[in-house]
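Trainee: Contents of protein31.txt (compact mmCIF, C-alpha atoms):
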```txt
# COMPACT_ATOMS: atom_id res chain seq x y z
CA MET A 559 49.80 24.78 65.10
CA LYS A 560 46.69 26.01 63.30
CA THR A 561 48.82 27.13 60.33
CA ASN A 562 50.34 23.64 60.00
CA LEU A 563 46.90 22.02 59.97
CA ILE A 564 45.70 24.40 57.28
CA CYS A 565 48.73 23.73 55.12
CA ARG A 566 48.32 19.97 55.58
CA PHE A 567 44.64 20.25 54.56
CA ILE A 568 45.51 22.25 51.46
CA ASN A 569 48.18 19.76 50.45
CA LEU A 570 45.72 16.85 50.75
CA ASN A 571 43.17 18.65 48.53
CA VAL A 572 45.81 19.48 45.94
CA ALA A 573 46.91 15.82 45.86
CA PHE A 574 43.30 14.70 45.45
CA ILE A 575 42.73 17.13 42.59
CA LEU A 576 45.92 16.00 40.84
CA LEU A 577 44.99 12.31 41.15
CA SER A 578 41.49 13.01 39.79
CA PHE A 579 42.96 14.87 36.85
CA ILE A 580 45.39 12.02 36.06
CA PHE A 581 42.67 9.33 36.13
CA SER A 582 40.35 11.50 34.08
CA ASN A 583 42.97 11.94 31.36
CA CYS A 584 43.68 8.20 31.26
CA SER A 585 40.04 7.33 30.54
CA SER A 586 38.98 10.30 28.42
CA PRO A 587 40.60 9.27 25.04
CA ARG A 588 38.61 6.04 25.05
CA GLY A 589 35.43 7.96 25.75
CA ALA A 590 36.28 10.51 23.06
CA GLU A 591 36.77 7.79 20.44
CA THR A 592 33.46 6.19 21.30
CA SER A 593 31.71 9.51 21.05
CA ALA A 594 33.24 10.20 17.64
CA SER A 595 32.30 6.71 16.45
CA ASP A 596 28.73 7.16 17.64
CA THR A 597 28.56 10.46 15.81
CA ALA A 598 29.88 8.88 12.60
CA PHE A 599 27.34 6.05 12.88
CA ALA A 600 24.56 8.56 13.39
CA ASP A 601 25.69 10.43 10.27
CA THR A 602 25.79 7.18 8.27
CA ALA A 603 22.35 6.15 9.47
CA SER A 604 21.01 9.53 8.47
CA SER A 605 22.61 9.11 5.04
CA ASP A 606 21.17 5.59 4.62
CA SER A 607 17.70 6.92 5.34
CA GLY A 608 17.78 8.63 1.96
CA VAL A 609 18.06 12.16 3.29
CA SER A 610 21.40 12.99 1.70
CA THR A 611 22.34 10.06 -0.54
CA SER A 612 22.14 9.95 -4.34
CA PRO A 613 20.41 7.01 -6.09
CA GLU A 614 22.60 4.28 -7.48
CA PRO A 615 23.10 4.51 -11.25
CA PRO A 616 21.16 1.87 -13.20
CA SER A 617 23.05 -1.21 -14.33
CA ASN A 618 23.63 -1.96 -18.00
CA ASP A 619 21.11 -4.79 -17.79
CA THR A 620 18.44 -2.53 -16.34
CA VAL A 621 19.00 0.00 -19.11
CA ALA A 622 18.90 -2.74 -21.78
CA LEU A 623 15.69 -4.27 -20.38
CA THR A 624 14.02 -0.87 -20.13
CA ASN A 625 14.92 -0.10 -23.75
CA LEU A 626 13.59 -3.51 -24.80
CA VAL A 627 10.21 -2.88 -23.18
CA LYS A 628 9.98 0.60 -24.66
CA LYS A 629 10.85 -0.76 -28.09
CA LEU A 630 8.07 -3.34 -27.77
CA LEU A 631 5.52 -0.76 -26.66
CA LYS A 632 6.50 1.68 -29.39
CA TRP A 633 6.17 -1.04 -32.03
CA HIS A 634 2.78 -2.09 -30.74
CA GLU A 635 1.45 1.45 -30.42
CA THR A 636 2.61 2.55 -33.89
CA SER A 637 2.12 -0.55 -36.04
CA GLY A 638 1.42 -3.54 -33.82
CA MET A 639 -2.22 -2.56 -33.42
CA GLN A 640 -2.71 -3.81 -36.98
CA PHE A 641 -0.63 -6.94 -36.39
CA GLU A 642 -2.77 -10.08 -36.75
CA GLY A 643 -1.10 -12.85 -34.84
CA PHE A 644 -4.26 -14.95 -34.53
CA PRO A 645 -6.20 -14.30 -37.77
CA PRO A 646 -9.65 -15.95 -37.67
CA LEU A 647 -11.25 -18.18 -40.31
CA LYS A 648 -14.83 -18.55 -41.55
CA ASN A 649 -16.39 -21.63 -43.07
CA LYS A 650 -18.16 -19.39 -45.61
CA THR A 651 -17.54 -15.77 -46.51
CA THR A 652 -21.15 -14.99 -45.60
CA ASP A 653 -20.79 -16.36 -42.05
CA THR A 654 -21.01 -13.90 -39.19
CA THR A 655 -19.05 -16.12 -36.79
CA TYR A 656 -15.53 -17.49 -37.01
CA SER A 657 -14.89 -21.20 -37.07
CA GLY A 658 -11.17 -21.34 -36.34
CA ILE A 659 -7.73 -19.70 -36.61
CA ASN A 660 -5.74 -19.46 -39.82
CA LEU A 661 -2.70 -21.37 -38.59
CA GLU A 662 -0.73 -20.78 -41.80
CA LYS A 663 -1.02 -17.03 -41.36
CA ASN A 664 -0.12 -17.51 -37.70
CA LYS A 665 3.16 -19.12 -38.82
CA LYS A 666 3.92 -16.10 -40.96
CA ALA A 667 3.11 -13.77 -38.07
CA ILE A 668 5.50 -15.71 -35.84
CA GLU A 669 8.23 -15.36 -38.45
CA GLU A 670 7.60 -11.62 -38.52
CA LEU A 671 7.99 -11.49 -34.76
CA ARG A 672 11.20 -13.51 -35.00
CA GLN A 673 12.68 -11.09 -37.52
CA MET A 674 12.06 -8.19 -35.14
CA GLY A 675 14.74 -9.61 -32.85
CA MET A 676 12.90 -8.87 -29.61
CA PHE A 677 11.53 -12.33 -28.81
CA ALA A 678 13.10 -15.55 -27.58
CA GLU A 679 12.12 -18.82 -29.21
CA SER A 680 10.32 -19.89 -26.03
CA PHE A 681 7.93 -16.95 -26.41
CA LEU A 682 7.31 -17.76 -30.08
CA SER A 683 6.64 -21.40 -29.19
CA ASP A 684 4.05 -20.34 -26.59
CA TYR A 685 2.53 -17.95 -29.13
CA ARG A 686 1.98 -20.88 -31.48
CA LYS A 687 0.43 -23.01 -28.72
CA ILE A 688 -2.09 -20.25 -28.02
CA ALA A 689 -3.09 -20.12 -31.69
CA VAL A 690 -3.57 -23.91 -31.80
CA ARG A 691 -5.69 -23.81 -28.63
CA MET A 692 -7.85 -20.98 -30.02
CA ASP A 693 -8.38 -22.93 -33.24
CA LYS A 694 -9.38 -26.07 -31.35
CA GLU A 695 -11.87 -24.25 -29.10
CA LEU A 696 -13.56 -22.43 -31.96
CA ARG A 697 -13.91 -25.67 -33.90
CA ASP A 698 -15.30 -27.76 -31.06
CA GLY A 699 -17.62 -25.05 -29.70
CA SER A 700 -15.78 -24.43 -26.43
CA SER A 701 -15.32 -20.79 -27.46
CA PHE A 702 -17.32 -18.43 -29.63
CA TRP A 703 -16.21 -15.50 -31.81
CA ARG A 704 -18.69 -13.30 -33.59
CA GLU A 705 -17.46 -10.99 -36.34
CA GLY A 706 -16.88 -7.48 -34.99
CA GLU A 707 -16.73 -8.65 -31.36
CA ILE A 708 -14.03 -10.05 -29.11
CA PRO A 709 -13.86 -13.85 -28.75
CA THR A 710 -15.10 -15.40 -25.54
CA PHE A 711 -11.62 -16.73 -24.71
CA SER A 712 -10.18 -13.19 -24.60
CA LYS A 713 -10.49 -10.36 -22.12
CA ASP A 714 -11.48 -6.87 -23.18
CA VAL A 715 -7.85 -5.67 -23.28
CA ASN A 716 -4.94 -5.95 -25.69
CA GLU A 717 -2.59 -8.76 -24.69
CA TRP A 718 0.56 -6.78 -25.52
CA CYS A 719 -0.08 -4.30 -22.73
CA ASN A 720 -3.21 -5.45 -20.85
CA CYS A 721 -4.58 -2.06 -21.75
CA GLN A 722 -7.05 -0.46 -24.14
CA ASP A 723 -5.31 2.86 -24.73
CA TYR A 724 -1.79 4.21 -24.34
CA PRO A 725 -1.24 7.41 -22.35
CA ASP A 726 0.19 10.25 -24.45
CA ASN A 727 3.54 10.16 -22.67
CA TYR A 728 3.75 6.37 -22.26
CA LEU A 729 7.44 6.09 -23.21
CA SER A 730 8.60 8.67 -20.70
CA ILE A 731 6.59 7.16 -17.83
CA THR A 732 7.43 3.49 -18.53
CA LYS A 733 9.48 2.23 -15.58
CA LEU A 734 10.75 -1.20 -14.55
CA THR A 735 10.27 -2.52 -11.03
CA ASP A 736 10.90 -5.72 -9.02
CA ILE A 737 13.84 -6.65 -11.27
CA GLN A 738 15.38 -10.05 -10.50
CA ILE A 739 18.27 -11.29 -12.64
CA THR A 740 19.75 -14.79 -12.19
CA ASN A 741 21.95 -16.68 -14.64
CA ASN A 742 21.04 -14.53 -17.66
CA LYS A 743 17.33 -14.76 -16.83
CA ALA A 744 15.39 -11.67 -15.79
CA GLN A 745 11.94 -11.28 -14.29
CA PHE A 746 10.43 -7.86 -13.73
CA LYS A 747 7.34 -5.70 -14.12
CA TRP A 748 6.88 -2.55 -16.12
CA THR A 749 4.51 0.13 -14.92
CA TRP A 750 2.90 3.42 -15.89
CA GLY A 751 2.11 4.13 -12.24
CA GLU A 752 -1.30 4.18 -10.56
CA ASP A 753 -1.09 0.50 -9.54
CA PHE A 754 -0.66 -0.68 -13.16
CA TYR A 755 1.89 -3.49 -13.55
CA TYR A 756 2.69 -5.95 -16.34
CA THR A 757 4.93 -8.97 -15.75
CA VAL A 758 7.71 -9.83 -18.21
CA THR A 759 10.57 -12.32 -18.31
CA ALA A 760 13.58 -12.15 -20.58
CA ILE A 761 16.70 -14.20 -21.31
CA LYS A 762 20.12 -13.00 -22.39
CA ASN A 763 21.71 -14.83 -25.30
CA ALA A 764 25.04 -13.74 -26.79
CA GLY A 765 24.82 -10.53 -24.78
CA THR A 766 21.33 -9.58 -26.02
CA TRP A 767 18.15 -9.59 -23.95
CA LYS A 768 15.03 -11.07 -25.57
CA ILE A 769 11.50 -11.40 -24.24
CA SER A 770 10.58 -14.94 -23.20
CA TYR A 771 7.25 -14.27 -21.46
CA LEU A 772 4.57 -11.60 -21.52
CA GLU A 773 1.77 -11.64 -18.97
CA GLY A 774 -0.88 -10.95 -21.60
CA PHE A 775 0.05 -14.14 -23.47
CA ASP A 776 0.01 -16.45 -20.48
CA MET A 777 -2.09 -19.50 -21.41
CA SER A 778 -3.69 -19.46 -17.96
CA ASN A 779 -5.00 -15.91 -18.46
CA TYR A 780 -7.41 -16.83 -21.29
CA ASN A 781 -11.05 -17.75 -20.66
CA TRP A 782 -10.78 -21.18 -22.22
CA GLY A 783 -14.06 -23.05 -22.51
CA TRP A 784 -16.12 -20.09 -21.31
CA TRP A 785 -18.73 -20.35 -24.07
CA LYS A 786 -19.25 -24.06 -23.58
CA LYS A 787 -19.91 -23.46 -19.88
CA ASN A 788 -22.15 -20.41 -20.29
CA LYS A 789 -23.86 -20.52 -23.69
CA GLY A 790 -27.03 -21.93 -22.15
CA HIS A 791 -27.63 -18.51 -20.65
CA PHE A 792 -27.47 -16.74 -24.01
CA GLY A 793 -29.51 -18.93 -26.32
CA SER A 794 -28.52 -19.43 -29.96
CA PRO A 795 -25.40 -17.45 -30.98
CA GLU A 796 -26.88 -16.63 -34.39
```
Please lay out the structure from this file as structure tokens.
Mentor:
Amino acid sequence: MKTNLICRFINLNVAFILLSFIFSNCSSPRGAETSASDTAFADTASSDSGVSTSPEPPSNDTVALTNLVKKLLKWHETSGMQFEGFPPLKNKTTDTTYSGINLEKNKKAIEELRQMGMFAESFLSDYRKIAVRMDKELRDGSSFWREGEIPTFSKDVNEWCNCQDYPDNYLSITKLTDIQITNNKAQFKWTWGEDFYYTVTAIKNAGTWKISYLEGFDMSNYNWGWWKKNKGHFGSPE
């Protein structure tokens, strides 16, 4: 009698173990897939974090725009420093102050810029408007320009780079950032690092990018009318 009870007890345990094994096998593939998926997602997330991924190669437009900026900077640093886009005029050769801008020479300077092939007509048009405004302000006394000094409408930097000096390795450290391209129009900034940024826009025409705006030649960045507002604090300019 005791032997029969023991055998019956063993048989019940064996049946329970078998049923547990069957149910476990039915559910385990689903759990295994989820675990593998979670592992793959974790690997992808780790890759997206920048730990193991390689940077995307630059687009053709990014390369072209970078080369355009470097070409501009190289021109300005090597020969553009002597470029007179806004040549001043004197009433008399003996005067020590300028009375206006030589707008005829400004036209020739604009043609020289056009021949370089780097500038869109919209930039050249704005360049002319700046010259006309300078001429007007010098003639009506809103601005003042003494020979050997910077005019009161300008800041103490060069408009082409908003800088005074180029670093020795400026071409190798020139980088573009915040690039936005829409319908053949690009807006971006170039930088030499250390929180130095210069805003540029360009347009693509017949497959070629040309500069349409430079931050240094933004009409709103000039100190128009500064002398007229402040000359009372300086007495006679002569």
Trainee: I'd like the contact shell of Ser657 of chain A - 7 Å cut-off, only C-alpha atoms, skipping same-chain residues fewer than 6 positions apart - returned as a PyMOL selection string.
Mentor: chain A and resi 647-649+696-697
Trainee: Rounded to one decimal place, report the atom CA of Ala760 of chain A-atom CA of Gln745 of chain A distance in Å.
Mentor: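 Atom-to-atom, atom CA of Ala760 of chain A and atom CA of Gln745 of chain A are spaced 6.6 Å apart.
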Trainee: Expressed in Å to a single decimal, how great is the separation between atom CA of Ser770 of chain A and atom CA of Ser730 of chain A?
Mentor: 23.8 Å
Trainee: Give me, please, the distance in Å between atom CA of Asn625 of chain A and atom CA of Pro645 of chain A, quoted to one decimal.
Mentor: 29.1 Å
Trainee: Extract, using only C-alpha atoms, all DNA, RNA and protein residues at most 10 Å from Gly675 of chain A, discarding same-chain residues fewer than 4 positions from it, and format them as a list in words.
Mentor: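 Near Gly675 of chain A, the qualifying residues are Glu670, Leu671, Thr766, Trp767, Lys768 and Ile769 of chain A.
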Trainee: Identify which of the residues A:Lys650, A:Met676, A:Glu695, A:Gly751 lies closest to Lys786 of chain A, counting all atoms listed in the file when measuring atom-to-atom distances.
Mentor: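 Using all atoms listed in the file, the shortest distance to Lys786 of chain A belongs to A:Glu695.
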Trainee: Can you find the residues with an atom no farther than 10 Å from (-13.0, -19.1, -19.6), counting all atoms listed in the file, and report them as a list in words?
Mentor: Ser700, Ser701, Thr710, Phe711, Ser712, Lys713, Ser778, Asn779, Tyr780, Asn781, Trp782, Gly783, Trp784, Trp785, Lys786, Lys787 and Asn788 of chain A
Trainee: Given the choices A:Asp684, A:Asp698, A:Lys762, A:Tyr728, which gets closest to Trp748 of chain A if the distance is worked out from only C-alpha atoms?
Mentor: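 Closest residue, counting only C-alpha atoms: A:Tyr728.
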Trainee: Within 10 Å of segment 719-721 of chain A, counting all atoms listed in the file, which residues show up once you throw out same-chain ones fewer than 4 positions away? Write them as a list in words, please.
Mentor: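 Within the cut-off, the hits are Leu630, Leu631, His634, Glu635, Lys713, Asp714, Val715, Trp748, Phe754, Tyr755, Tyr756, Thr757, Leu772, Glu773, Gly774 and Phe775 of chain A.
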